[in-house]
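Novice: Handing over target_11.txt, compact mmCIF, C-alpha atoms and all ligand atoms.
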```txt
# COMPACT_ATOMS: atom_id res chain seq x y z
CA MET A 1321 4.47 9.21 11.40
CA LYS A 1322 1.62 6.83 11.98
CA ILE A 1323 3.03 3.60 13.38
CA GLN A 1324 6.43 3.23 15.00
CA VAL A 1325 7.62 -0.22 15.97
CA LYS A 1326 10.50 0.06 18.41
CA ASN A 1327 12.70 -2.91 19.26
CA ILE A 1328 9.88 -5.41 19.57
CA TYR A 1329 10.74 -8.84 20.93
CA LYS A 1330 8.14 -11.58 21.24
CA ILE A 1331 8.99 -14.88 22.83
CA PHE A 1332 6.33 -17.60 23.20
CA GLY A 1333 6.54 -20.08 26.09
CA ASN A 1334 6.24 -20.40 29.85
CA LYS A 1335 8.81 -17.84 30.92
CA PRO A 1336 9.44 -15.53 27.99
CA GLU A 1337 10.98 -12.71 30.05
CA ALA A 1338 13.59 -15.10 31.42
CA GLN A 1339 14.77 -15.84 27.87
CA LEU A 1340 15.01 -12.24 26.74
CA GLY A 1341 18.64 -11.83 27.79
CA LYS A 1342 19.71 -14.83 25.72
CA VAL A 1343 17.92 -13.50 22.65
CA LYS A 1344 19.39 -10.05 23.12
CA ALA A 1345 22.83 -11.67 23.44
CA GLY A 1346 22.33 -13.17 19.99
CA MET A 1347 20.66 -16.56 20.44
CA GLY A 1348 18.65 -17.45 17.31
CA LYS A 1349 15.23 -19.04 16.92
CA GLU A 1350 16.42 -22.61 16.53
CA ALA A 1351 18.87 -22.54 19.43
CA LEU A 1352 16.30 -20.92 21.72
CA LEU A 1353 13.79 -23.64 20.98
CA ASP A 1354 16.37 -26.42 21.48
CA GLU A 1355 17.73 -25.03 24.68
CA THR A 1356 14.67 -23.58 26.39
CA GLY A 1357 11.59 -24.83 24.57
CA HIS A 1358 10.59 -21.23 23.85
CA THR A 1359 9.66 -19.99 20.39
CA LEU A 1360 11.18 -16.77 19.16
CA GLY A 1361 8.31 -14.98 17.40
CA LEU A 1362 9.95 -11.61 16.80
CA ASN A 1363 13.55 -10.59 17.32
CA ASP A 1364 14.27 -6.88 17.72
CA ILE A 1365 11.92 -5.47 15.09
CA SER A 1366 11.98 -1.73 14.44
CA LEU A 1367 9.94 -0.14 11.66
CA ASP A 1368 8.37 3.18 10.75
CA ILE A 1369 5.10 3.07 8.86
CA GLU A 1370 4.15 6.40 7.38
CA GLU A 1371 0.67 7.77 7.34
CA GLY A 1372 -1.27 7.04 4.13
CA GLN A 1373 1.02 4.21 3.03
CA ILE A 1374 0.28 0.67 2.08
CA PHE A 1375 2.98 -1.10 4.06
CA VAL A 1376 3.41 -4.75 3.14
CA ILE A 1377 4.89 -7.37 5.46
CA MET A 1378 6.21 -10.43 3.68
CA GLY A 1379 7.89 -13.64 4.65
CA LEU A 1380 7.54 -17.40 4.64
CA SER A 1381 5.15 -19.25 6.90
CA GLY A 1382 6.23 -18.93 10.53
CA SER A 1383 8.39 -15.86 9.92
CA GLY A 1384 6.33 -13.75 12.36
CA LYS A 1385 4.03 -11.71 10.12
CA SER A 1386 0.82 -12.33 12.04
CA THR A 1387 2.60 -11.99 15.35
CA LEU A 1388 3.83 -8.55 14.31
CA ILE A 1389 0.53 -7.22 12.97
CA ARG A 1390 -1.32 -8.39 16.09
CA HIS A 1391 0.88 -6.15 18.17
CA PHE A 1392 -0.58 -3.13 16.40
CA ASN A 1393 -3.99 -3.48 18.03
CA ARG A 1394 -2.46 -5.19 21.05
CA LEU A 1395 -4.03 -8.55 20.47
CA ILE A 1396 -0.52 -9.63 21.44
CA GLU A 1397 1.66 -8.05 24.12
CA PRO A 1398 5.35 -7.83 23.29
CA THR A 1399 7.92 -9.45 25.53
CA ASP A 1400 9.88 -6.23 25.12
CA GLY A 1401 9.66 -3.05 23.06
CA HIS A 1402 7.08 -0.46 22.11
CA ILE A 1403 4.43 0.23 19.49
CA ILE A 1404 3.74 3.91 19.09
CA ILE A 1405 0.74 5.00 17.08
CA ASN A 1406 0.13 8.69 16.44
CA GLY A 1407 2.67 9.41 19.13
CA GLN A 1408 0.80 7.31 21.70
CA ASP A 1409 2.44 4.25 23.22
CA VAL A 1410 -0.15 1.52 22.67
CA MET A 1411 1.32 -0.53 25.53
CA ALA A 1412 0.60 2.31 27.95
CA LEU A 1413 -3.09 2.66 27.05
CA PRO A 1414 -5.41 1.96 29.95
CA GLU A 1415 -8.11 -0.67 29.30
CA ARG A 1416 -10.87 1.78 28.37
CA GLU A 1417 -8.75 3.78 26.00
CA LEU A 1418 -7.49 0.61 24.41
CA GLU A 1419 -11.07 -0.45 23.76
CA ASP A 1420 -11.83 2.93 22.28
CA PHE A 1421 -8.73 2.74 20.11
CA ARG A 1422 -9.74 -0.68 18.79
CA ARG A 1423 -13.28 0.43 18.03
CA HIS A 1424 -12.51 3.70 16.32
CA LYS A 1425 -8.96 3.89 15.07
CA ILE A 1426 -8.04 0.49 13.72
CA SER A 1427 -9.81 -2.32 11.82
CA MET A 1428 -8.77 -5.73 10.71
CA VAL A 1429 -9.64 -7.72 7.57
CA PHE A 1430 -9.14 -11.45 7.99
CA GLN A 1431 -8.03 -14.15 5.58
CA ARG A 1432 -11.16 -16.25 6.15
CA PHE A 1433 -13.44 -13.21 5.95
CA GLY A 1434 -14.68 -13.65 9.53
CA LEU A 1435 -18.31 -12.88 8.75
CA LEU A 1436 -21.14 -13.78 11.11
CA PRO A 1437 -23.19 -16.46 9.31
CA HIS A 1438 -26.57 -15.56 10.82
CA LYS A 1439 -26.36 -11.87 10.12
CA SER A 1440 -27.25 -10.28 6.80
CA VAL A 1441 -24.60 -8.63 4.65
CA LEU A 1442 -25.83 -5.25 5.84
CA ASP A 1443 -25.70 -6.23 9.51
CA ASN A 1444 -22.27 -7.80 9.08
CA THR A 1445 -21.04 -4.60 7.50
CA ALA A 1446 -22.56 -2.47 10.25
CA TYR A 1447 -21.26 -4.69 13.03
CA GLY A 1448 -18.44 -2.39 14.12
CA LEU A 1449 -20.85 0.53 14.34
CA GLN A 1450 -23.30 -1.57 16.34
CA ILE A 1451 -20.56 -2.27 18.87
CA GLN A 1452 -19.85 1.45 19.01
CA GLY A 1453 -23.51 1.95 19.90
CA VAL A 1454 -24.43 3.82 16.74
CA GLY A 1455 -28.20 3.95 16.01
CA LYS A 1456 -29.86 1.71 13.47
CA ALA A 1457 -30.61 4.27 10.77
CA GLU A 1458 -27.09 5.70 10.75
CA ARG A 1459 -25.64 2.18 10.72
CA ALA A 1460 -27.70 1.19 7.73
CA GLU A 1461 -26.78 4.34 5.88
CA LYS A 1462 -23.04 4.00 6.43
CA ALA A 1463 -22.96 0.26 5.79
CA GLY A 1464 -25.00 0.75 2.62
CA TYR A 1465 -22.57 3.39 1.44
CA TRP A 1466 -19.52 1.14 1.91
CA LEU A 1467 -21.22 -1.86 0.36
CA GLU A 1468 -21.85 0.28 -2.69
CA GLN A 1469 -18.20 1.38 -2.69
CA VAL A 1470 -17.02 -2.24 -2.86
CA GLY A 1471 -19.53 -3.11 -5.58
CA LEU A 1472 -22.12 -4.94 -3.48
CA LYS A 1473 -25.15 -2.68 -3.80
CA GLY A 1474 -28.24 -4.87 -3.93
CA PHE A 1475 -26.79 -7.65 -1.76
CA GLU A 1476 -27.61 -6.02 1.59
CA GLU A 1477 -30.24 -8.54 2.64
CA GLN A 1478 -28.37 -11.65 1.54
CA TYR A 1479 -26.46 -13.90 3.94
CA PRO A 1480 -22.73 -14.71 3.74
CA HIS A 1481 -23.26 -18.29 2.49
CA GLN A 1482 -25.14 -16.93 -0.54
CA LEU A 1483 -22.03 -15.04 -1.68
CA SER A 1484 -18.87 -16.16 -3.45
CA GLY A 1485 -15.53 -15.97 -1.62
CA GLY A 1486 -14.59 -12.76 -3.40
CA MET A 1487 -17.92 -11.16 -2.49
CA GLN A 1488 -17.58 -12.27 1.13
CA GLN A 1489 -14.18 -10.64 1.29
CA ARG A 1490 -15.66 -7.45 -0.15
CA VAL A 1491 -18.09 -7.52 2.76
CA GLY A 1492 -15.09 -7.98 5.07
CA LEU A 1493 -13.46 -4.93 3.51
CA ALA A 1494 -16.66 -2.86 3.67
CA ARG A 1495 -17.08 -3.85 7.32
CA ALA A 1496 -13.54 -2.74 8.11
CA LEU A 1497 -14.07 0.60 6.36
CA THR A 1498 -17.48 1.37 7.82
CA THR A 1499 -16.07 2.55 11.14
CA ASP A 1500 -13.76 4.88 9.19
CA PRO A 1501 -10.60 3.69 10.95
CA GLU A 1502 -7.29 5.43 10.37
CA ILE A 1503 -5.45 2.15 10.20
CA LEU A 1504 -6.46 -0.97 8.31
CA LEU A 1505 -4.75 -4.26 9.15
CA MET A 1506 -5.03 -6.93 6.48
CA ASP A 1507 -3.57 -10.35 7.32
CA GLU A 1508 -3.44 -12.46 4.14
CA ALA A 1509 -6.77 -10.86 3.31
CA PHE A 1510 -6.76 -11.97 -0.33
CA SER A 1511 -4.87 -15.25 -0.02
CA ALA A 1512 -7.96 -17.46 0.05
CA LEU A 1513 -9.24 -16.06 -3.25
CA ASP A 1514 -8.50 -17.50 -6.66
CA PRO A 1515 -6.03 -15.57 -8.79
CA LEU A 1516 -8.39 -13.54 -10.98
CA ILE A 1517 -10.61 -12.47 -8.10
CA ARG A 1518 -7.54 -11.77 -6.05
CA ARG A 1519 -6.27 -9.39 -8.66
CA GLU A 1520 -9.62 -7.65 -8.84
CA MET A 1521 -9.53 -7.18 -5.08
CA GLN A 1522 -6.02 -5.74 -5.31
CA ASP A 1523 -7.20 -3.26 -7.94
CA GLN A 1524 -10.19 -2.36 -5.83
CA LEU A 1525 -8.05 -1.78 -2.76
CA LEU A 1526 -5.70 0.47 -4.74
CA GLU A 1527 -8.62 2.38 -6.16
CA LEU A 1528 -10.18 2.90 -2.74
CA GLN A 1529 -6.82 3.88 -1.30
CA GLN A 1530 -6.44 6.67 -3.88
CA LYS A 1531 -9.45 8.31 -2.29
CA LEU A 1532 -9.04 7.20 1.32
CA HIS A 1533 -5.32 7.50 2.05
CA LYS A 1534 -5.58 5.14 5.02
CA THR A 1535 -2.56 3.67 6.67
CA ILE A 1536 -2.76 0.05 5.56
CA VAL A 1537 -0.62 -2.79 6.87
CA PHE A 1538 -0.97 -5.67 4.47
CA ILE A 1539 0.45 -9.14 5.05
CA THR A 1540 1.14 -11.51 2.21
CA HIS A 1541 3.58 -14.24 1.29
CA ASP A 1542 3.16 -13.43 -2.38
CA LEU A 1543 5.76 -11.04 -3.78
CA ASP A 1544 3.63 -10.20 -6.83
CA GLU A 1545 0.94 -8.96 -4.48
CA ALA A 1546 3.48 -7.14 -2.33
CA LEU A 1547 4.91 -5.33 -5.36
CA ARG A 1548 1.52 -4.38 -6.75
CA LEU A 1549 0.20 -3.01 -3.48
CA GLY A 1550 3.12 -1.89 -1.39
CA ASP A 1551 4.49 1.61 -1.08
CA ARG A 1552 7.02 -0.08 1.13
CA ILE A 1553 7.75 -3.71 1.80
CA ALA A 1554 9.27 -5.32 4.89
CA ILE A 1555 10.61 -8.85 4.69
CA LEU A 1556 10.75 -11.10 7.76
CA ARG A 1557 12.63 -14.34 8.26
CA ASP A 1558 12.51 -16.39 11.46
CA GLY A 1559 11.24 -13.39 13.38
CA GLU A 1560 13.93 -11.07 12.08
CA LEU A 1561 13.65 -8.13 9.76
CA VAL A 1562 15.74 -8.87 6.70
CA GLN A 1563 14.96 -5.87 4.52
CA VAL A 1564 12.67 -2.85 4.28
CA GLY A 1565 12.38 -0.85 1.10
CA SER A 1566 10.37 0.33 -1.86
CA PRO A 1567 9.31 -2.32 -4.40
CA GLU A 1568 12.12 -1.11 -6.66
CA GLU A 1569 14.72 -1.47 -3.91
CA ILE A 1570 13.58 -4.98 -3.08
CA LEU A 1571 13.81 -6.01 -6.74
CA LEU A 1572 17.07 -4.26 -7.55
CA LYS A 1573 18.95 -4.76 -4.29
CA PRO A 1574 17.69 -7.87 -2.50
CA ALA A 1575 19.46 -7.90 0.86
CA ASP A 1576 20.35 -11.59 0.82
CA ASP A 1577 19.61 -15.00 -0.71
CA TYR A 1578 16.32 -15.29 1.14
CA VAL A 1579 14.98 -12.12 -0.50
CA GLN A 1580 16.62 -13.08 -3.78
CA ALA A 1581 14.67 -16.33 -3.75
CA PHE A 1582 11.42 -14.37 -3.61
CA VAL A 1583 12.55 -11.95 -6.27
CA GLN A 1584 13.78 -14.27 -8.96
CA ASP A 1585 10.45 -15.66 -10.13
CA VAL A 1586 8.61 -12.40 -10.39
CA ASN A 1587 7.40 -11.23 -13.78
CA ARG A 1588 8.41 -7.63 -13.25
CA ALA A 1589 6.84 -6.24 -16.39
CA ARG A 1590 3.49 -7.56 -15.18
CA VAL A 1591 3.58 -6.46 -11.57
CA LEU A 1592 5.30 -3.12 -11.85
CA THR A 1593 3.53 -0.08 -13.21
CA ALA A 1594 4.36 3.34 -14.58
CA SER A 1595 4.38 4.63 -11.01
CA HIS A 1596 7.48 2.50 -10.35
CA VAL A 1597 9.47 4.12 -13.16
CA LEU A 1598 8.38 7.67 -12.64
CA ALA A 1599 10.85 10.52 -13.05
CA PRO A 1600 9.69 13.97 -11.99
CA ALA A 1601 9.50 16.71 -14.62
CA LYS A 1602 12.61 18.87 -14.67
CA LEU A 1603 11.10 21.93 -16.24
CA THR A 1604 7.51 23.09 -16.41
CA VAL A 1605 5.81 26.22 -17.67
CA THR A 1606 2.12 27.07 -17.67
CA LEU A 1607 -0.05 27.50 -20.71
CA LYS A 1608 -0.29 31.20 -19.84
CA SER A 1609 3.47 31.71 -19.87
CA LYS A 1610 4.80 34.22 -22.37
CA PRO A 1611 7.08 32.89 -25.12
CA GLN A 1612 9.83 35.17 -23.79
CA GLN A 1613 9.72 33.49 -20.36
CA ALA A 1614 9.78 30.02 -21.90
CA VAL A 1615 12.78 30.83 -24.09
CA GLU A 1616 14.70 32.25 -21.15
CA LEU A 1617 13.88 29.33 -18.91
CA LEU A 1618 14.89 26.76 -21.50
CA LYS A 1619 18.16 28.54 -22.20
CA GLU A 1620 18.91 29.01 -18.54
CA HIS A 1621 18.53 25.27 -17.95
CA SER A 1622 20.05 24.29 -21.30
CA SER A 1623 17.00 22.12 -21.81
CA GLU A 1624 15.58 21.01 -25.14
CA TYR A 1625 12.01 21.18 -23.96
CA ALA A 1626 9.70 21.96 -21.05
CA CYS A 1627 6.31 20.53 -20.06
CA VAL A 1628 3.39 22.87 -20.51
CA LEU A 1629 0.74 22.59 -17.82
CA ASP A 1630 -2.75 23.99 -17.54
CA GLY A 1631 -3.48 23.58 -13.85
CA THR A 1632 -2.51 19.97 -13.20
CA GLN A 1633 -3.15 18.83 -16.79
CA LEU A 1634 -0.30 18.36 -19.24
CA LYS A 1635 -1.07 20.20 -22.49
CA GLY A 1636 2.07 19.24 -24.38
CA LEU A 1637 5.73 20.10 -24.74
CA ILE A 1638 7.36 23.29 -25.81
CA THR A 1639 10.74 22.92 -27.49
CA VAL A 1640 13.41 25.60 -27.67
CA LEU A 1641 12.83 26.05 -31.39
CA ASP A 1642 9.07 26.36 -31.04
CA ALA A 1643 9.34 28.76 -28.12
CA GLN A 1644 11.69 30.89 -30.22
CA ARG A 1645 9.23 30.72 -33.12
CA ALA A 1646 6.39 31.89 -30.84
CA LEU A 1647 8.58 34.75 -29.69
CA ASN A 1648 9.44 35.75 -33.28
CA ASP A 1649 5.75 35.61 -34.19
CA ASN A 1650 4.97 37.89 -31.24
CA ALA A 1651 2.45 35.33 -29.98
CA ASP A 1652 0.62 35.98 -26.66
CA SER A 1653 0.98 32.44 -25.47
CA LEU A 1654 2.53 29.10 -26.26
CA ALA A 1655 -0.83 27.47 -27.01
CA ASN A 1656 -0.36 27.14 -30.77
CA TYR A 1657 3.24 26.02 -30.60
CA LEU A 1658 3.00 22.88 -28.53
CA SER A 1659 4.06 19.38 -29.50
CA SER A 1660 1.75 16.63 -28.39
CA VAL A 1661 2.92 13.96 -25.96
CA GLU A 1662 2.08 10.35 -25.56
CA SER A 1663 0.87 9.60 -22.03
CA VAL A 1664 0.04 6.61 -19.85
CA ARG A 1665 -1.78 6.33 -16.55
CA SER A 1666 0.32 5.66 -13.48
CA ASP A 1667 -1.30 2.25 -12.94
CA THR A 1668 -0.43 1.03 -16.45
CA GLU A 1669 1.68 -2.11 -16.31
CA LEU A 1670 5.21 -1.90 -17.69
CA GLU A 1671 4.32 -4.73 -20.03
CA GLN A 1672 1.97 -2.37 -21.82
CA ILE A 1673 4.39 0.55 -21.81
CA LEU A 1674 7.33 -1.26 -23.39
CA PRO A 1675 5.85 -1.34 -26.91
CA ASN A 1676 5.04 2.40 -26.67
CA ILE A 1677 8.64 3.17 -25.77
CA LEU A 1678 9.90 1.26 -28.77
CA SER A 1679 7.47 2.81 -31.22
CA ASN A 1680 7.95 6.28 -29.78
CA ASN A 1681 11.55 6.59 -30.93
CA GLY A 1682 12.84 7.80 -27.62
CA ALA A 1683 10.29 10.61 -27.29
CA PRO A 1684 9.25 11.09 -23.68
CA ILE A 1685 6.09 9.44 -22.36
CA ALA A 1686 4.14 11.32 -19.73
CA VAL A 1687 2.61 9.67 -16.67
CA THR A 1688 -0.76 10.88 -15.43
CA GLY A 1689 -2.86 10.07 -12.39
CA LYS A 1690 -6.41 8.75 -12.58
CA ASP A 1691 -7.72 12.31 -12.73
CA GLY A 1692 -5.48 13.01 -15.73
CA GLY A 1693 -3.15 15.17 -13.62
CA PHE A 1694 0.47 15.19 -14.76
CA LYS A 1695 2.87 13.28 -12.50
CA GLY A 1696 6.10 13.08 -14.46
CA TRP A 1697 7.78 11.02 -17.13
CA VAL A 1698 8.50 7.37 -17.74
CA SER A 1699 12.20 7.08 -16.96
CA CYS A 1700 13.72 4.77 -19.57
CA GLU A 1701 16.71 4.30 -17.31
CA LYS A 1702 14.58 3.07 -14.42
CA LEU A 1703 12.49 0.97 -16.75
CA ILE A 1704 15.50 -0.80 -18.19
CA SER A 1705 17.10 -1.37 -14.79
CA LEU A 1706 13.88 -2.93 -13.51
CA VAL A 1707 12.90 -5.17 -16.40
CA ALA A 1708 16.15 -5.92 -18.24
N1 LIG B 1801 0.43 -18.42 20.40
C1 LIG B 1801 1.59 -18.93 20.04
N2 LIG B 1801 2.25 -19.79 20.85
C2 LIG B 1801 3.45 -20.30 20.52
N3 LIG B 1801 4.09 -20.03 19.39
C3 LIG B 1801 3.50 -19.17 18.53
C4 LIG B 1801 2.22 -18.58 18.80
N4 LIG B 1801 1.88 -17.78 17.78
C5 LIG B 1801 2.89 -17.87 16.91
N5 LIG B 1801 3.86 -18.68 17.34
C6 LIG B 1801 5.13 -18.98 16.67
O1 LIG B 1801 5.72 -17.75 16.27
C7 LIG B 1801 6.29 -17.86 14.98
C8 LIG B 1801 5.66 -16.83 14.07
O2 LIG B 1801 4.30 -17.19 13.80
P1 LIG B 1801 3.33 -16.32 12.92
O3 LIG B 1801 1.99 -16.91 13.03
O4 LIG B 1801 3.48 -14.91 13.30
O5 LIG B 1801 3.92 -16.55 11.47
P2 LIG B 1801 3.36 -16.05 10.07
O6 LIG B 1801 4.50 -15.38 9.39
O7 LIG B 1801 2.12 -15.28 10.26
O8 LIG B 1801 3.08 -17.42 9.32
P3 LIG B 1801 1.90 -17.81 8.28
O9 LIG B 1801 2.35 -17.32 6.94
O10 LIG B 1801 1.89 -19.31 8.32
O11 LIG B 1801 0.62 -17.19 8.75
C9 LIG B 1801 6.08 -19.29 14.54
O12 LIG B 1801 7.23 -20.01 14.82
C10 LIG B 1801 4.93 -19.76 15.39
O13 LIG B 1801 5.02 -21.13 15.63
MG MG B 1802 0.15 -15.54 9.65
```
Could I get this structure in the form of structure tokens?
Specialist:
Amino acid sequence: MKIQVKNIYKIFGNKPEAQLGKVKAGMGKEALLDETGHTLGLNDISLDIEEGQIFVIMGLSGSGKSTLIRHFNRLIEPTDGHIIINGQDVMALPERELEDFRRHKISMVFQRFGLLPHKSVLDNTAYGLQIQGVGKAERAEKAGYWLEQVGLKGFEEQYPHQLSGGMQQRVGLARALTTDPEILLMDEAFSALDPLIRREMQDQLLELQQKLHKTIVFITHDLDEALRLGDRIAILRDGELVQVGSPEEILLKPADDYVQAFVQDVNRARVLTASHVLAPAKLTVTLKSKPQQAVELLKEHSSEYACVLDGTQLKGLITVLDAQRALNDNADSLANYLSSVESVRSDTELEQILPNILSNNGAPIAVTGKDGGFKGWVSCEKLISLVA
């Protein structure tokens, strides 16, 4: 487990600790403000954020998103509760270790890019390394590498004002990645960008994440963005956690009217992808399997077909009849008896899969990763429950 948030309370005002008892006894945000002039930022938040996930925090303005994320690198101290990262209580870190933690383990990408105007793109990108005291040559090499990764090779010597908003935010992302942090905090990082560029940035983040497997905490108030990016989504209202779940759970079982209000306007077929309707393969055999084995396996499971894999790649399907035919023919392998399968990549939008399903007459559609590796099948059941 990467980040554990344990019963975090944050009260803003002159004497926050003095108000804690009232909040714990059930006083809400409005009443607390009326009665004491204190603002309830967060009210008993507990969350587990797994390693390698994109964890999205959503909610209306003032719901406490920024307050929560700022606890993770201790820009904000909680009034009560604990943040535990990699088993270490962040609140208990002595000053020097905290500094070290901020420099090496965690980076933040800001909504307004936060670039230094008088430094070149390269120097902006290398800034975190400079603070760490890394030498010039190594800084330039690493910053150059990450600029290339975000598509900005050739812009190293330019200055922020010479770049578009989208490009500036790519610099912000490259800068955050250059120190190779384990955790990336992104507070409305794409919200200032116009819709097309924003989508490009989302795609880029997902693509990078496939290689990097960072723990990413991403704040947004846009459910489309949350659904596209999030492995899990937490929804805050008035400092309280209303729901945590997978994108599918949020869409199918909104916890209350507040979540429902977010959910109702979403074009699900456009934001959800094959990865959201994935069903694992029930039965697989390898290309090297003998027809005898395949026949036995299919009979044992009373299955009409099995997937045939060569390493991670799906080669096709073998049906009971064809496996039997291979056996009768005394064939060495199943290779010449396979049926071909339609397949889609896991990031294909449901909108593009629906016509395939209809024209495929109920035949299964395989889902593959970017590398072509087999991941499972499109579940028609899940698909219908999500888009119908
Ligand atoms: N430094 C502060 N002093 C007093 N109140 C604060 C402070 N920071 C935040 N708050 C209050 O805490 C609550 C949560 O604010 P926060 O900035 O975390 O919301 P948010 O969800 O990030 O909103 P937005 O979408 O507008 O960025 C709000 O009521 C806000 O007024
Ligand atoms: Mg905020």
Novice: For ligand LIG 1801 (chain B), which residue among A:Glu1671, A:Asp1577, A:Asp1558, A:Asp1514 is the nearest when counting only C-alpha atoms and all ligand atoms?
Specialist: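 Using only C-alpha atoms and all ligand atoms, ligand LIG 1801 (chain B) sits closest to A:Asp1558.
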Novice: So for ligand LIG 1801 (chain B), what box centre and size do we get, axis-aligned, 6 Å extra on each of the six sides, every listed atom, Å to one decimal, as AutoDock Vina command-line options?
Specialist:
```
--center_x 3.8 --center_y -18.0 --center_z 13.9 --size_x 18.8 --size_y 18.2 --size_z 25.9
```
Novice: Write out as a ChimeraX atom specification which residues come within 10 Å of Tyr1479 of chain A when counting only C-alpha atoms, dropping same-chain ones fewer than 3 positions away.
Specialist: /A:1435-1444,1475-1476,1482-1483,1488
Novice: Which residues come within 8 Å of Phe1430 of chain A, counting all atoms listed in the file, excluding same-chain residues fewer than 4 positions away, as a list of chain:residue names?
Specialist: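 So the residues in contact are A:Gly1434, A:Gly1492, A:Met1506, A:Asp1507, A:Glu1508, A:Ala1509.
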Novice: Nearest to Leu1472 of chain A among A:Lys1326, A:Arg1665, A:Arg1490, A:His1596, with distances taken over only C-alpha atoms: which residue is it?
Specialist: A:Arg1490
Novice: When you count only C-alpha atoms, which of these residues is closest to Leu1641 of chain A: A:Arg1394, A:Lys1573, A:Lys1619, A:Arg1432?
Specialist: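 The answer is A:Lys1619, which sits nearest to Leu1641 of chain A.
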Novice: Ranking A:Gln1431, A:Ser1660, A:Asn1406, A:Gln1373 by minimum distance to ligand MG 1802 (chain B) and counting all atoms listed in the file, which one comes first?
Specialist: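 Of A:Gln1431, A:Ser1660, A:Asn1406, A:Gln1373, the one nearest ligand MG 1802 (chain B) is A:Gln1431, counting all atoms listed in the file.
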